[in-house]
Amino acid sequence: MATVLVVDDDQAIREVVRLVLEQEGHTVREAVDGPEGLNMLRTAAGPLVVLLDDLMPHLSGMEVLAEVAREPTLTTGHAYILMTGSARMLVGGTTPELARLRVFIVSKPFDITELAEVVNQAAVGLPGG
């Protein structure tokens, strides 16, 4: 199973996602905002599935992905999932960064079973996955 980094400013969401993904056999790490998530990405020892909330203070999920797109070491070796309630994003209104990074998009509010399936699918694409 994969190591999953959950980047969300909502503690309750992080806790629920952690419980579900740990039951699936994943190791879960948490970050409370975009800057902390970026720092954890930059210092990760191995590949991560990164769950990013779209709307966070300091750096949004999209802003984190824009930073990732500028750092070649972060664009490979990790899989990214953006959790969003934005209708524009959900109907295929993607950006070049999302397309290049092959970001999975999950609607919020999300079905926890569906989220676990997307995490499992993203994990398969990781090095050694």
# chains A, B, ... in the order shown; residues from 1 in each chain; ligands from 1
call {"tool": "residues_around", "arguments": {"residues": "range 25-27 of chain A", "least_positions_apart": "6", "cutoff": "12 Å", "atoms": "only C-alpha atoms", "output": "mmCIF file with C-alpha atoms, in the first residue's frame"}}
result
data_model
loop_
_atom_site.group_PDB
_atom_site.id
_atom_site.type_symbol
_atom_site.label_atom_id
_atom_site.label_comp_id
_atom_site.auth_asym_id
_atom_site.auth_seq_id
_atom_site.Cartn_x
_atom_site.Cartn_y
_atom_site.Cartn_z
ATOM 1 C CA MET A 1 0.000 0.000 0.000
ATOM 2 C CA ALA A 2 0.957 3.654 -0.363
ATOM 3 C CA THR A 3 1.954 6.493 1.887
ATOM 4 C CA VAL A 4 -0.737 9.169 1.608
ATOM 5 C CA LEU A 5 -0.266 12.835 2.492
ATOM 6 C CA VAL A 6 -3.583 14.507 3.360
ATOM 7 C CA VAL A 17 -9.765 10.314 5.706
ATOM 8 C CA ARG A 18 -6.961 8.962 7.918
ATOM 9 C CA LEU A 19 -9.225 6.338 9.503
ATOM 10 C CA PRO A 47 6.608 8.355 -3.342
ATOM 11 C CA LEU A 48 3.364 9.804 -1.985
ATOM 12 C CA VAL A 49 -0.271 9.943 -2.966
ATOM 13 C CA VAL A 50 -1.103 13.563 -2.136
ATOM 14 C CA ALA A 116 -10.497 5.350 -1.132
ATOM 15 C CA VAL A 119 -6.396 6.760 -3.735
ATOM 16 C CA ASN A 120 -5.909 3.060 -4.567
ATOM 17 C CA ALA A 123 -1.187 4.415 -5.762
#
call {"tool": "residues_around", "arguments": {"residues": "Thr73 in chain A", "least_positions_apart": "4", "cutoff": "9 Å", "atoms": "only C-alpha atoms", "output": "PyMOL selection string"}}
result
chain A and resi 42+68+77
call {"tool": "closest_atom_pairs", "arguments": {"of": "range 2-32 of chain A", "to": "range 98-113 of chain A", "cutoff": "10 Å", "atoms": "only C-alpha atoms", "output": "CSV"}}
result
residue,atom,partner,partner_atom,distance
A:Val16,CA,A:Ile112,CA,8.5
A:Val17,CA,A:Ile112,CA,7.4
A:Val20,CA,A:Ile112,CA,7.4
A:Leu21,CA,A:Ile112,CA,9.2
call {"tool": "write_last_selection", "arguments": {"atoms": "N, CA and C atoms", "output": "PDB file, in the first residue's frame"}}
result
ATOM      1  N   VAL A  16     -11.156  11.706   9.426  1.00  0.00           N
ATOM      2  CA  VAL A  16     -11.991  10.714   8.758  1.00  0.00           C
ATOM      3  C   VAL A  16     -11.221  10.047   7.621  1.00  0.00           C
ATOM      4  N   VAL A  17     -10.540  10.860   6.818  1.00  0.00           N
ATOM      5  CA  VAL A  17      -9.765  10.314   5.706  1.00  0.00           C
ATOM      6  C   VAL A  17      -8.672   9.390   6.238  1.00  0.00           C
ATOM      7  N   VAL A  20     -10.195   5.945   7.321  1.00  0.00           N
ATOM      8  CA  VAL A  20     -10.596   5.126   6.179  1.00  0.00           C
ATOM      9  C   VAL A  20      -9.379   4.589   5.430  1.00  0.00           C
ATOM     10  N   LEU A  21      -8.405   5.460   5.171  1.00  0.00           N
ATOM     11  CA  LEU A  21      -7.247   5.027   4.398  1.00  0.00           C
ATOM     12  C   LEU A  21      -6.354   4.070   5.182  1.00  0.00           C
TER      13      LEU A  21
END
call {"tool": "closest_residue", "arguments": {"among": "A:Ile13, A:Leu74, A:Glu30, A:Leu82", "to": "Thr43 in chain A", "atoms": "only C-alpha atoms"}}
result
A:Leu74
call {"tool": "select_by_dssp", "arguments": {"residues": "chain A", "states": "alpha helix (DSSP H)", "output": "JSON, numbers by chain"}}
result
{"A": [11, 12, 13, 14, 15, 16, 17, 18, 19, 20, 21, 22, 23, 34, 35, 36, 37, 38, 39, 40, 41, 42, 61, 62, 63, 64, 65, 66, 67, 68, 69, 70, 72, 73, 74, 75, 87, 88, 89, 90, 96, 97, 98, 99, 100, 101, 112, 113, 114, 115, 116, 117, 118, 119, 120, 121, 122, 123, 124]}
call {"tool": "residues_around", "arguments": {"residues": "Pro57 in chain A", "least_positions_apart": "4", "cutoff": "10 Å", "atoms": "only C-alpha atoms", "output": "number ranges by chain"}}
result
A: 8-9, 32-35, 61
call {"tool": "closest_residue", "arguments": {"among": "A:Ala31, A:Val118, A:Val124, A:Ile81", "to": "Leu65 in chain A", "atoms": "only C-alpha atoms"}}
result
A:Ile81
call {"tool": "closest_residue", "arguments": {"among": "A:Leu51, A:Ala45, A:Gly85, A:Glu36", "to": "Arg14 in chain A", "atoms": "only C-alpha atoms"}}
result
A:Leu51
call {"tool": "closest_residue", "arguments": {"among": "A:Leu126, A:Gly46, A:Arg29, A:Met83", "to": "Ser60 in chain A", "atoms": "only C-alpha atoms"}}
result
A:Met83
call {"tool": "atom_distance", "arguments": {"atom1": "CA of Ala12 in chain A", "atom2": "CA of Thr76 in chain A"}}
result
29.8 Å
call {"tool": "select_by_dssp", "arguments": {"residues": "chain A", "states": "strand (DSSP E or B)", "output": "CSV table (one decimal) with C-alpha atoms, in the first residue's frame"}}
result
chain,number,residue,atom,x,y,z
A,3,THR,CA,2.0,6.5,1.9
A,4,VAL,CA,-0.7,9.2,1.6
A,5,LEU,CA,-0.3,12.8,2.5
A,6,VAL,CA,-3.6,14.5,3.4
A,7,VAL,CA,-3.3,18.3,3.0
A,27,THR,CA,0.2,4.9,5.9
A,28,VAL,CA,-1.2,8.4,6.3
A,29,ARG,CA,0.6,11.7,7.1
A,30,GLU,CA,-1.2,15.0,7.6
A,31,ALA,CA,-0.5,18.6,6.8
A,49,VAL,CA,-0.3,9.9,-3.0
A,50,VAL,CA,-1.1,13.6,-2.1
A,51,LEU,CA,-4.7,14.5,-1.3
A,52,LEU,CA,-5.1,18.3,-1.6
A,53,ASP,CA,-8.0,20.3,-0.5
A,79,ALA,CA,0.4,11.1,-7.5
A,80,TYR,CA,-1.9,14.1,-6.8
A,81,ILE,CA,-5.6,14.2,-6.0
A,82,LEU,CA,-7.5,17.5,-5.8
A,83,MET,CA,-10.6,17.5,-3.6
A,84,THR,CA,-12.8,20.3,-4.8
A,104,PHE,CA,-7.2,13.1,-10.2
A,105,ILE,CA,-10.2,15.2,-9.2
A,106,VAL,CA,-12.6,14.2,-6.5
A,107,SER,CA,-15.8,16.2,-5.8
call {"tool": "atom_distance", "arguments": {"atom1": "CA of Glu67 in chain A", "atom2": "CA of Leu41 in chain A"}}
result
11.0 Å
